[in-house]
Amino acid sequence: MSDRVEAVKKLFTSKSSRVETNKGDTYYQDLFEKCEARLNEMRSHTPANKLDFTDLLEENGIDRREFMKWASATTAMLMLPPMFTPLVADAAVMMNRAPVIWLELQDCAGNSEALLRADGPKIDEIVLDIISLEYHETLQAASGFQAEKQLDEAMEHFKGKYLLFVEGAIPMGMNGQYGTIGAAGETFHDHLVRCAENAAAVIAVGSCATFGGIPAASPNPTGAVGVMDVVKNKPLINIPACPANPANMVGVILHYVLTGQVPELDSLLRPKFAFGYRIHDNCERRAHFDAGEYVEEWGDKGAQNNFCLYKMGCKGPMTFNNCSIVRYNEAVNWPIGVGRGCIGCSEPDFWDKYAYERPMADAKIKAPTGGVEKTVDEFGLGMLTAVGIGIGIHAAASAIAGKREKSGESHE
Amino acid sequence: MNEGYKQVKRMTPAMRIIHWVNAICMIGAIATGLYIGHPYYQTFMADGAVDKYVMAWNRYGHFIIAILFDVTSVLIVYLYFFSRFEKPYKKVIPNAKNWTEFKDVVVNLVTLNRKNEFNSTHSDSFNTVYFTIFHLLLLWMLLTGLQMYVWGLGSGLSSIGSWWPWILHLSTDWTLYVTGGSKMDVRLSHHYTMWFVICWIVFHIYYQVWRTIFWKEADIAIVIGGSKFVKEEKANRK
Ligand code: HEM
Ligand code: SF4
Ligand code: SF4
C-alpha cells in the first residue's frame with residue numbers, strides 16, 4: 001500500500017509521458033560536444049577485451065555501408081538528430097570498453113538467448129557480443145569458487161563504473177531461499193543487492209526482472225518481485241518484454257556509452273525511446289481494426305488476408321513497446337506480423353492480465369474473492385439477474401399489498 | 001387539478017435536458033462500448049475497407065458520447081453546489097435530519113408503501129443519495145475512459161495541443177494504481193462499472209414507476225413536465 005501511495009505521489013509530481021523528439025539546437029549542440037569529449041577520453045582507455053568490432057563485422061559479412069545504415073537507424077531510434085550518426089558508430093566500436101556484469105536470477109535465460117542468437121548475428125547482436133561481459137552467470141567458463149572470485153575482482157576493478165544487467169525475478173518468499181547462488185548459498189536477493197551497490201547503473205532486462213514476469217504470475221508461489229522493488233537509490237532502467245529486444249538493450253548501452261547518462265524514462269522506468277509508443281498505433285493491421293475486419297478463427301479467410309487480431313486476443317491497444325517499429329532480428333518480422341496477437345509482454349502482470357487468446361471482455365477472470373472464474377459479462381449478467389429477481393419480488397409483493405389495501409378500504 | 005392536491009416543481013428545464021441527454025447517451029455508450037470490447041457484428045469481406053470503418057465509427061460515437069458526458073458532468077457538479085433551485089449536496093450530508101428522511105423513504109419502499117411518513121414535495125435524501133451514486137459511477141467511467149483514451153496519444157501530442165494529454169495524465173493516471181497497476185485493470189474496471197451502471201438504471205426506472213403507481217403523485221411526470229402533485233396535507237409535513 002505504501003508503495004502505491006509513493007507511486008501515486010510520484011505520478012503527480014512527474015512530467016507527462018510526452019516523448020520529446022526535438023529539444024532544440026542548443027541542447028543538441030551541447031550534447032554533441034559532451035559526447036565527443038567523452039568518446040575521445042574513452043578511446044584512450046585500453047579495451048577490456050580483445051574483440052574487435054570491425055573485424056567481427058567483416059567476419060560476418062557486414063560491410064561498412066550496412067553498418068552506417070544501422071548507425072543512422074539507431075541514432076533515429078535514440079531520438080538523436082542525424083549529426084550524431086558518426087558518434088553512434090564510434091560508440092558502437094568502443095562498446096568493448098563498457099564493463100558489464102550480468103546476473104541471472106529466477107528466469108528462463110531467454111534474454112541471454114536473445115542477445116546471443118548467433119546463427120548469422122546481426123549488428124545489434126554483434127554489438128552485444130563485444131561488450132565487455134566481465135561476468136555472466138550463464139555464459140562464463142568459470143564455475144564455483146573461481147566464478148565467485150571473478151565476480152569479486154570485476155566488481156573491485158570496475159567499481160562504480162560497471163553496468164549491472166539483471167535478468168530474472170527475485171524470489172522473496174521463505175527469506176529468499178527459493179533461489180540461491182554459489183557455494184555459500186547466497187540468496188538471489190542478497191546477491192543482487194551486493195552487486196548493485198557499486199554499479200554505475202542497474203539495467204533490468206526482460207519482464208521478469210522488471211515486473212516479476214512469469215515467476216510472479218498468480219499465485220506467485222515464490223513471492224517473486226522485480227528489480228525495482230529491491231534496488232533503490234540507484235539509476236535503474238527497465239527494459240521489459242519477453243524477451244527484451246536486443247535493439248533496446250543496445251540502445252540503452254549505446255546511450256550510456258555515448259552520453260554517460262541514463263536515457264529519459266517513463267513512469268515505469270522504461271526508456272521512452274523504446275516504450276513511448278503503443279503497439280496498436282504503429283501496427284500494420286490497424287486499418288483492419290478501424291474497418292472492423294477481424295480474424296475470427298485461426299486460419300480463416302480473415303487470417304489469410306492479414307486482418308486485425310483483436311478478436312483473437314491481441315493486446316496491442318494496451319501495450320507500449322517499439323516492436324511494431326523496430327521489430328525483431330533486425331526488422332525481419334514481429335509477433336503480429338507473423339499472425340499472432342500481442343500478449344502485452346512489456347506491461348506489468350502481463351501473464352495474468354494480457355496473455356490470453358481472446359479479448360479482455362471474453363476472458364475468464366478470477367473473482368476478487370479468488371473464487372470461480374467468470375467473464376466480466378457473465379458477472380454483470382449475474383448481477384443484473386439478481387437485481388431483476390429482487391425487483392420482481394418487490395413488484396409482486398407491492399401489487400398484492402396494494403390490492404389488499406383496496407379491499408380493506410372497501411370493507412370500512 | 002384534483003381537489004386537495006398541490007402541484008410542486010421538481011426539475012428545472014436544464015435538469016430535464018441533462019437527464020434525457022444522459023439517458024440517450026447511456027444507451028449509445030453501452031451499445032458502442034460493448035462493440036469495442038467485443039465486436040459483436042461482422043462486416044462483409046466483399047465491401048471495401050473505406051466503406052466500412054465500423055470500429056472507427058463505434059469508437060467515434062463512444063467518444064462523442066463521452067464528451068457529452070464530460071460536459072454534463074461538469075454542469076451537474078456545479079448544480080450540486082450552486083443550483084438556485086435545490087442544492088443536492090445539502091441532502092447527502094449525513095446529518096440527523098437527512099438520516100431520518102433517508103430511513104423513512106427506505107422503510108416506505110420495504111413496507112411496500114404501508115408507511116409513508118415523509119414530505120415528498122422535494123427530492124428526498126434517499127433519492128439524492130441514489131443519484132449521487134450514479135454520478136460517482138459516471139465519474140469513474142469518465143476517469144477510466146479518459147485514461148484509456150490517453151494511451152492513444154502516446155507521443156504526448158494531440159491535434160488540440162500537448163496540454164490535453166498532459167491534463168489527462170495528470171488527472172487519470174492514478175486510476176492505474178487503484179485498479180491494480182496495469183492498463184488492463186483500468187479497462188476491466190471500465191467494463192465492470194458499466195454493469196453497475198446498468199443495474200443502477202434498471203432499479204432507477206423500476207423505482208420511478210413504482211412511486212408513480214403507489215404514491216399516486218404522478219412522479220413519472222417530473223422528468224417530462226418538471227412537476228408532480230402532492231396531497232396538501234402531506235405537503236405540510238416537515
Ligand atoms: C457511462 C457510460 C459508458 C459505458 C457504459 C462505457 C462502456 C464501455 C465498454 C463496455 C468498453 C469496452 C471495454 C472492453 O471490454 O474492452 C469501453 C471502452 C472504452 N471506453 Fe467507455 N463507456 C462509457 C463511458 C466512457 C467515457 C465517458 C469515456 C471517456 C473518454 C470512455 C472511453 C472509452 C475508451 C477510450 C474505451 C476503449 C476503446 C479503445 O481502446 O478502442 N467510455 N467503454
Ligand atoms: S492486430 Fe492488435 S495491435 Fe494490430 S491493429 Fe489489431 S488490435 Fe491493434
Ligand atoms: S507484439 Fe506484444 S507480446 Fe509480442 S513482443 Fe511485442 S509487446 Fe511483446
# chains A, B, ... in the order shown; residues from 1 in each chain; ligands from 1
call {"tool": "select_by_dssp", "arguments": {"residues": "segment 6-235 of chain B", "states": "alpha helix (DSSP H)", "output": "MDAnalysis selection string"}}
result
chainID B and resid 13:37 49:52 54:82 89:92 96:110 125:151 163:172 174:179 183:215 222:225 232:235
call {"tool": "residues_near_ligand", "arguments": {"ligand": "ligand 1", "cutoff": "6 Å", "atoms": "only C-alpha atoms and all ligand atoms", "output": "list in words"}}
result
Pro317, Met360 and Ala361 of chain A; Met26, Ala29, Ile30, Gly33, Leu34, Ile36, Gly37, Phe63, Ala66, Phe69, Leu138, Met141, Leu142, Gly145, Leu146, Met148, Tyr149, Arg187, His191 and Met194 of chain B
call {"tool": "residues_near_ligand", "arguments": {"ligand": "ligand 2", "cutoff": "10 Å", "atoms": "only C-alpha atoms and all ligand atoms", "output": "PyMOL selection string"}}
result
chain A and resi 278-290+292-295+306-319+324+335-337+339-344+359
call {"tool": "select_by_dssp", "arguments": {"residues": "segment 27-177 of chain A", "states": "strand (DSSP E)", "output": "ChimeraX atom specification"}}
result
/A:99-104,132-136,163-167,170-171
call {"tool": "write_last_selection", "arguments": {"atoms": "all heavy atoms", "output": "short mmCIF file (atom, residue, chain, number, x, y, z; two decimals), in the first residue's frame"}}
result
data_model
loop_
_atom_site.label_atom_id
_atom_site.label_comp_id
_atom_site.auth_asym_id
_atom_site.auth_seq_id
_atom_site.Cartn_x
_atom_site.Cartn_y
_atom_site.Cartn_z
N PRO A 99 32.28 -2.08 -19.26
CA PRO A 99 32.24 -3.29 -18.44
C PRO A 99 30.81 -3.62 -18.00
O PRO A 99 30.09 -2.76 -17.52
CB PRO A 99 33.11 -2.93 -17.24
CG PRO A 99 33.12 -1.44 -17.18
CD PRO A 99 32.83 -0.93 -18.54
N VAL A 100 30.44 -4.85 -18.22
CA VAL A 100 29.08 -5.29 -17.87
C VAL A 100 29.14 -6.52 -16.98
O VAL A 100 29.93 -7.44 -17.23
CB VAL A 100 28.28 -5.62 -19.16
CG1 VAL A 100 27.01 -6.36 -18.80
CG2 VAL A 100 27.98 -4.35 -19.94
N ILE A 101 28.37 -6.50 -15.93
CA ILE A 101 28.20 -7.70 -15.11
C ILE A 101 26.76 -8.13 -15.27
O ILE A 101 25.85 -7.32 -15.20
CB ILE A 101 28.54 -7.41 -13.64
CG1 ILE A 101 30.04 -7.16 -13.51
CG2 ILE A 101 28.10 -8.56 -12.74
CD1 ILE A 101 30.50 -6.78 -12.13
N TRP A 102 26.56 -9.39 -15.54
CA TRP A 102 25.23 -9.87 -15.90
C TRP A 102 24.78 -10.92 -14.89
O TRP A 102 25.41 -11.96 -14.77
CB TRP A 102 25.27 -10.45 -17.31
CG TRP A 102 23.95 -10.86 -17.87
CD1 TRP A 102 23.14 -11.86 -17.41
CD2 TRP A 102 23.28 -10.28 -18.99
NE1 TRP A 102 22.02 -11.93 -18.16
CE2 TRP A 102 22.06 -10.98 -19.14
CE3 TRP A 102 23.58 -9.25 -19.88
CZ2 TRP A 102 21.15 -10.68 -20.16
CZ3 TRP A 102 22.67 -8.96 -20.89
CH2 TRP A 102 21.47 -9.67 -21.03
N LEU A 103 23.72 -10.65 -14.18
CA LEU A 103 23.20 -11.61 -13.21
C LEU A 103 22.02 -12.37 -13.80
O LEU A 103 21.21 -11.82 -14.52
CB LEU A 103 22.74 -10.91 -11.93
CG LEU A 103 23.75 -10.06 -11.18
CD1 LEU A 103 23.14 -9.58 -9.87
CD2 LEU A 103 25.03 -10.84 -10.92
N GLU A 104 21.95 -13.61 -13.41
CA GLU A 104 20.91 -14.49 -13.94
C GLU A 104 20.12 -14.96 -12.73
O GLU A 104 20.62 -15.74 -11.93
CB GLU A 104 21.63 -15.67 -14.62
CG GLU A 104 20.77 -16.63 -15.31
CD GLU A 104 20.42 -16.16 -16.71
OE1 GLU A 104 21.32 -15.75 -17.44
OE2 GLU A 104 19.23 -16.21 -17.02
N SER A 132 32.02 -5.72 -22.91
CA SER A 132 32.97 -6.41 -22.07
C SER A 132 32.22 -7.11 -20.94
O SER A 132 32.03 -6.58 -19.87
CB SER A 132 33.94 -5.36 -21.53
OG SER A 132 34.69 -5.91 -20.53
N LEU A 133 31.72 -8.32 -21.25
CA LEU A 133 31.00 -9.08 -20.24
C LEU A 133 31.99 -9.62 -19.22
O LEU A 133 32.64 -10.63 -19.46
CB LEU A 133 30.26 -10.23 -20.91
CG LEU A 133 28.81 -10.00 -21.30
CD1 LEU A 133 28.25 -11.23 -21.96
CD2 LEU A 133 27.95 -9.60 -20.11
N GLU A 134 32.12 -8.93 -18.12
CA GLU A 134 33.10 -9.33 -17.12
C GLU A 134 32.67 -10.59 -16.39
O GLU A 134 33.47 -11.35 -15.88
CB GLU A 134 33.30 -8.20 -16.11
CG GLU A 134 33.88 -6.94 -16.69
CD GLU A 134 35.20 -7.21 -17.40
OE1 GLU A 134 35.99 -8.02 -16.87
OE2 GLU A 134 35.42 -6.64 -18.48
N TYR A 135 31.38 -10.74 -16.32
CA TYR A 135 30.86 -11.85 -15.54
C TYR A 135 29.46 -12.12 -16.04
O TYR A 135 28.62 -11.21 -16.10
CB TYR A 135 30.84 -11.44 -14.06
CG TYR A 135 30.20 -12.41 -13.11
CD1 TYR A 135 30.92 -13.48 -12.56
CD2 TYR A 135 28.87 -12.26 -12.74
CE1 TYR A 135 30.33 -14.36 -11.67
CE2 TYR A 135 28.27 -13.13 -11.86
CZ TYR A 135 29.00 -14.18 -11.33
OH TYR A 135 28.42 -15.05 -10.44
N HIS A 136 29.19 -13.31 -16.48
CA HIS A 136 27.84 -13.67 -16.91
C HIS A 136 27.57 -15.06 -16.40
O HIS A 136 28.20 -16.02 -16.82
CB HIS A 136 27.74 -13.59 -18.43
CG HIS A 136 26.32 -13.76 -18.92
ND1 HIS A 136 25.56 -14.86 -18.61
CD2 HIS A 136 25.52 -12.97 -19.69
CE1 HIS A 136 24.36 -14.73 -19.17
NE2 HIS A 136 24.32 -13.59 -19.82
N LEU A 163 28.14 -1.61 -15.62
CA LEU A 163 26.69 -1.67 -15.75
C LEU A 163 26.25 -3.03 -15.25
O LEU A 163 26.80 -4.05 -15.66
CB LEU A 163 26.29 -1.51 -17.21
CG LEU A 163 26.61 -0.16 -17.85
CD1 LEU A 163 26.29 -0.21 -19.34
CD2 LEU A 163 25.81 0.95 -17.18
N LEU A 164 25.27 -3.04 -14.37
CA LEU A 164 24.78 -4.32 -13.86
C LEU A 164 23.50 -4.68 -14.60
O LEU A 164 22.48 -4.01 -14.46
CB LEU A 164 24.51 -4.23 -12.36
CG LEU A 164 24.05 -5.54 -11.74
CD1 LEU A 164 25.20 -6.55 -11.71
CD2 LEU A 164 23.49 -5.33 -10.35
N PHE A 165 23.59 -5.71 -15.41
CA PHE A 165 22.39 -6.21 -16.09
C PHE A 165 21.79 -7.31 -15.24
O PHE A 165 22.50 -8.19 -14.77
CB PHE A 165 22.76 -6.78 -17.47
CG PHE A 165 22.81 -5.73 -18.54
CD1 PHE A 165 23.81 -4.77 -18.52
CD2 PHE A 165 21.87 -5.70 -19.55
CE1 PHE A 165 23.87 -3.80 -19.50
CE2 PHE A 165 21.91 -4.73 -20.54
CZ PHE A 165 22.91 -3.78 -20.51
N VAL A 166 20.50 -7.24 -15.05
CA VAL A 166 19.85 -8.28 -14.26
C VAL A 166 18.75 -8.91 -15.10
O VAL A 166 17.92 -8.23 -15.68
CB VAL A 166 19.23 -7.70 -12.97
CG1 VAL A 166 18.67 -8.83 -12.11
CG2 VAL A 166 20.25 -6.90 -12.21
N GLU A 167 18.79 -10.22 -15.15
CA GLU A 167 17.78 -10.96 -15.88
C GLU A 167 17.10 -11.89 -14.89
O GLU A 167 17.77 -12.62 -14.16
CB GLU A 167 18.49 -11.77 -16.98
CG GLU A 167 17.57 -12.61 -17.81
CD GLU A 167 18.33 -13.41 -18.87
OE1 GLU A 167 19.57 -13.42 -18.84
OE2 GLU A 167 17.67 -14.02 -19.70
N ILE A 170 13.22 -11.79 -8.54
CA ILE A 170 13.84 -12.07 -7.25
C ILE A 170 12.80 -12.72 -6.34
O ILE A 170 11.80 -12.09 -6.01
CB ILE A 170 14.37 -10.78 -6.59
CG1 ILE A 170 15.38 -10.11 -7.51
CG2 ILE A 170 15.03 -11.07 -5.25
CD1 ILE A 170 14.83 -8.99 -8.32
N PRO A 171 13.01 -13.98 -5.96
CA PRO A 171 12.05 -14.63 -5.07
C PRO A 171 12.23 -14.11 -3.65
O PRO A 171 13.33 -14.15 -3.10
CB PRO A 171 12.42 -16.11 -5.17
CG PRO A 171 13.86 -16.13 -5.57
CD PRO A 171 14.13 -14.86 -6.32
#
call {"tool": "atom_distance", "arguments": {"atom1": "atom CA of Leu157 of chain B", "atom2": "atom CA of Arg327 of chain A"}}
result
23.8 Å
